Amino acid sequence: MNVRLQLIELEDQKWFPHVIRQGMLDFLRFMISKLGAYKPALPLLQELLERTRQRHITDLCSGAGGGIEGVQQALSQRMGTTIRVTLTDLYPNLGAYRYLQQTSGGALDFIPKPIDATAVPESITGVRTIFSSFHHFPPPVAKAILQDAANSRAAIGVFEGANKSWLEVATLWLFFPVMIVVVTPFIRPFKFSRLFFTYIIPLIPLGIIWDGTVSLLRIYTPQMLHRITKEINTPNYTWRTGKVGARLGKHVIYLIGYPED
């Protein structure tokens, strides 16, 4: 799938009900965590931390924090020390963040105020990451996010848990409706609103299928990411793009950038 279409995702819209958005993001967090979707990206994250001699990640556009708890635990184990993660978003999912902070024993914390990924305050440090969210941004905004990281001499890793294939679209439409119905009662923290808008008025499942389809059509291929980085003029800064993972549910498209010493 070598096409990218900037279609409309419901969760991006300011008018979209917050309770439905949160329900959709909670499902995404649950599935990414259970599948270990970002396991293939761990060596890349470890490289960024070691290159910059840091042990702190600032996660931008965190949504509901999908998969980040497993990433934090696996990285800490690989590196033999606690890697701290700070969650941020333009629309912070505070309920999910508090839950992750509690279950991680404080290794994951969060910034409760909105954080714009194109203009990250200087006071916010650490290796920057973006999981499952970079496709939301059209090329000018995507470039601005990368330019802001490069201007701040901050390392950044962009990761999309997908292979961008028609097989993934078919899987989404054929299997996800069943998965949503089955797993929703097990998503934590528990919310009655999530049950109501899944089983009584199924706005959450409909939103997940629509936004999931649009997301796959919006995702940048490694070649597209490479073209964007060619427009960023920052000296002594390295960019790499590619794809890792070898099976369905374990593919990751990535872009990493870091300042040279």
# chains A, B, ... in the order shown; residues from 1 in each chain; ligands from 1

$ select_by_dssp --residues "region 30-227 of chain A" --states "alpha helix (DSSP H)" --output "JSON, numbers by chain"
{"A": [30, 31, 32, 33, 34, 35, 42, 43, 44, 45, 46, 47, 48, 49, 50, 51, 52, 68, 69, 70, 71, 72, 73, 74, 75, 76, 77, 78, 79, 94, 95, 96, 97, 98, 99, 100, 101, 102, 103, 139, 140, 141, 142, 143, 144, 145, 146, 147, 148, 149, 150, 151, 166, 167, 168, 169, 170, 171, 172, 173, 174, 175, 176, 177, 178, 179, 180, 181, 182, 183, 192, 193, 194, 195, 203, 204, 205, 206, 207, 208, 209, 210, 211, 212, 213, 214, 215, 216, 217, 218, 222, 223, 224, 225, 226, 227]}

$ residues_around --residues "Thr221 (chain A)" --least-positions-apart "5" --cutoff "9 Å" --atoms "only C-alpha atoms" --output "list in words"
Met1, Asn2, Val3, Arg4, Asn163, Lys164, His226, Thr241, Gly242, Lys243, Ile253 and Tyr254 of chain A

$ closest_atom_pairs --of "region 49-81 of chain A" --to "region 124-131 of chain A" --cutoff "12 Å" --atoms "only C-alpha atoms" --output "JSON lines"
{"residue": "A:Leu49", "atom": "CA", "partner": "A:Val127", "partner_atom": "CA", "distance": 6.8}
{"residue": "A:Glu50", "atom": "CA", "partner": "A:Val127", "partner_atom": "CA", "distance": 10.2}
{"residue": "A:Arg51", "atom": "CA", "partner": "A:Val127", "partner_atom": "CA", "distance": 10.2}
{"residue": "A:Thr52", "atom": "CA", "partner": "A:Val127", "partner_atom": "CA", "distance": 7.9}
{"residue": "A:Arg53", "atom": "CA", "partner": "A:Val127", "partner_atom": "CA", "distance": 9.7}
{"residue": "A:Gln54", "atom": "CA", "partner": "A:Gly126", "partner_atom": "CA", "distance": 6.7}
{"residue": "A:Arg55", "atom": "CA", "partner": "A:Gly126", "partner_atom": "CA", "distance": 7.6}
{"residue": "A:His56", "atom": "CA", "partner": "A:Gly126", "partner_atom": "CA", "distance": 4.9}
{"residue": "A:Ile57", "atom": "CA", "partner": "A:Val127", "partner_atom": "CA", "distance": 4.7}
{"residue": "A:Thr58", "atom": "CA", "partner": "A:Arg128", "partner_atom": "CA", "distance": 4.9}
{"residue": "A:Asp59", "atom": "CA", "partner": "A:Thr129", "partner_atom": "CA", "distance": 4.7}
{"residue": "A:Leu60", "atom": "CA", "partner": "A:Ile130", "partner_atom": "CA", "distance": 5.3}
{"residue": "A:Cys61", "atom": "CA", "partner": "A:Ile130", "partner_atom": "CA", "distance": 6.2}
{"residue": "A:Ser62", "atom": "CA", "partner": "A:Phe131", "partner_atom": "CA", "distance": 7.1}
{"residue": "A:Gly63", "atom": "CA", "partner": "A:Phe131", "partner_atom": "CA", "distance": 9.0}
{"residue": "A:Ala64", "atom": "CA", "partner": "A:Phe131", "partner_atom": "CA", "distance": 10.7}
{"residue": "A:Gly65", "atom": "CA", "partner": "A:Phe131", "partner_atom": "CA", "distance": 8.6}
{"residue": "A:Gly66", "atom": "CA", "partner": "A:Phe131", "partner_atom": "CA", "distance": 7.8}
{"residue": "A:Gly67", "atom": "CA", "partner": "A:Phe131", "partner_atom": "CA", "distance": 8.5}
{"residue": "A:Ile68", "atom": "CA", "partner": "A:Phe131", "partner_atom": "CA", "distance": 8.4}
{"residue": "A:Val71", "atom": "CA", "partner": "A:Phe131", "partner_atom": "CA", "distance": 10.7}
{"residue": "A:Gln72", "atom": "CA", "partner": "A:Thr129", "partner_atom": "CA", "distance": 11.9}

$ closest_residue --among "A:Gln13, A:Thr234, A:Gln77, A:Thr171" --to "Ala154 (chain A)" --atoms "only C-alpha atoms"
A:Thr234

$ closest_residue --among "A:Leu225, A:Leu90, A:Ile156, A:Ile200" --to "His135 (chain A)" --atoms "only C-alpha atoms"
A:Leu225

$ atom_distance --atom1 "CA of Leu206 (chain A)" --atom2 "CA of Ile32 (chain A)"
18.7 Å

$ closest_residue --among "A:Leu48, A:Leu25, A:Leu5, A:Val244" --to "Arg194 (chain A)" --atoms "only C-alpha atoms"
A:Leu25

$ atom_distance --atom1 "CA of Ser33 (chain A)" --atom2 "CA of Glu69 (chain A)"
7.6 Å

$ atom_distance --atom1 "CA of Thr88 (chain A)" --atom2 "CA of Leu108 (chain A)"
11.0 Å

$ closest_residue --among "A:Ile256, A:His18, A:Pro138, A:Ile204" --to "Phe159 (chain A)" --atoms "only C-alpha atoms"
A:Ile256

$ select_by_dssp --residues "region 4-236 of chain A" --states "strand (DSSP E or B)" --output "PyMOL selection string"
chain A and resi 56-59+84-87+108-110+127-131+156-160

$ closest_residue --among "A:Thr198, A:Ser132, A:Ser193, A:Gln22" --to "Met179 (chain A)" --atoms "only C-alpha atoms"
A:Thr198

$ decode --residues "region 43-108 of chain A" --atoms "C-alpha atoms" --output "tab-separated table (two decimals), in the first residue's frame"
chain	number	residue	atom	x	y	z
A	43	PRO	CA	16.58	-2.23	20.05
A	44	LEU	CA	15.96	1.11	18.32
A	45	LEU	CA	14.74	2.72	21.54
A	46	GLN	CA	17.70	1.31	23.44
A	47	GLU	CA	20.02	2.76	20.82
A	48	LEU	CA	18.49	6.23	21.20
A	49	LEU	CA	18.81	6.12	25.00
A	50	GLU	CA	22.40	4.90	24.86
A	51	ARG	CA	23.46	7.37	22.16
A	52	THR	CA	22.13	10.27	24.21
A	53	ARG	CA	23.15	8.78	27.58
A	54	GLN	CA	19.62	9.20	28.93
A	55	ARG	CA	17.29	7.04	30.96
A	56	HIS	CA	14.13	9.10	30.46
A	57	ILE	CA	11.55	9.05	27.67
A	58	THR	CA	9.04	11.81	27.02
A	59	ASP	CA	6.17	10.26	25.08
A	60	LEU	CA	4.32	12.73	22.85
A	61	CYS	CA	0.77	12.26	21.56
A	62	SER	CA	0.33	9.46	24.11
A	63	GLY	CA	-3.40	8.92	23.63
A	64	ALA	CA	-4.25	6.36	26.31
A	65	GLY	CA	-0.63	5.22	26.59
A	66	GLY	CA	-1.03	2.19	24.36
A	67	GLY	CA	1.80	-0.31	24.88
A	68	ILE	CA	4.05	2.10	26.74
A	69	GLU	CA	3.97	0.17	30.03
A	70	GLY	CA	5.29	-2.97	28.33
A	71	VAL	CA	7.91	-0.93	26.46
A	72	GLN	CA	9.08	0.67	29.71
A	73	GLN	CA	9.37	-2.68	31.48
A	74	ALA	CA	11.17	-4.38	28.60
A	75	LEU	CA	13.61	-1.50	28.15
A	76	SER	CA	14.38	-1.42	31.87
A	77	GLN	CA	15.11	-5.14	31.77
A	78	ARG	CA	17.29	-4.88	28.67
A	79	MET	CA	19.30	-1.96	30.05
A	80	GLY	CA	19.53	-3.12	33.66
A	81	THR	CA	18.14	0.09	35.09
A	82	THR	CA	14.76	1.79	35.49
A	83	ILE	CA	13.74	3.74	32.41
A	84	ARG	CA	11.28	6.47	33.33
A	85	VAL	CA	8.52	7.57	30.95
A	86	THR	CA	6.52	10.79	30.99
A	87	LEU	CA	3.22	10.72	29.08
A	88	THR	CA	1.96	13.84	27.30
A	89	ASP	CA	-0.81	14.71	24.87
A	90	LEU	CA	-2.70	17.65	23.46
A	91	TYR	CA	-5.82	16.00	24.94
A	92	PRO	CA	-4.48	14.18	28.03
A	93	ASN	CA	-6.30	10.98	28.98
A	94	LEU	CA	-5.85	11.56	32.70
A	95	GLY	CA	-7.78	8.49	33.83
A	96	ALA	CA	-5.57	6.17	31.79
A	97	TYR	CA	-2.41	8.03	32.84
A	98	ARG	CA	-3.22	7.76	36.55
A	99	TYR	CA	-3.93	4.06	36.10
A	100	LEU	CA	-0.58	3.51	34.35
A	101	GLN	CA	1.25	5.57	36.97
A	102	GLN	CA	-0.24	3.42	39.71
A	103	THR	CA	0.36	0.04	38.04
A	104	SER	CA	3.94	0.98	37.09
A	105	GLY	CA	4.85	1.99	40.63
A	106	GLY	CA	5.60	5.53	39.45
A	107	ALA	CA	7.98	4.57	36.63
A	108	LEU	CA	5.39	6.13	34.31
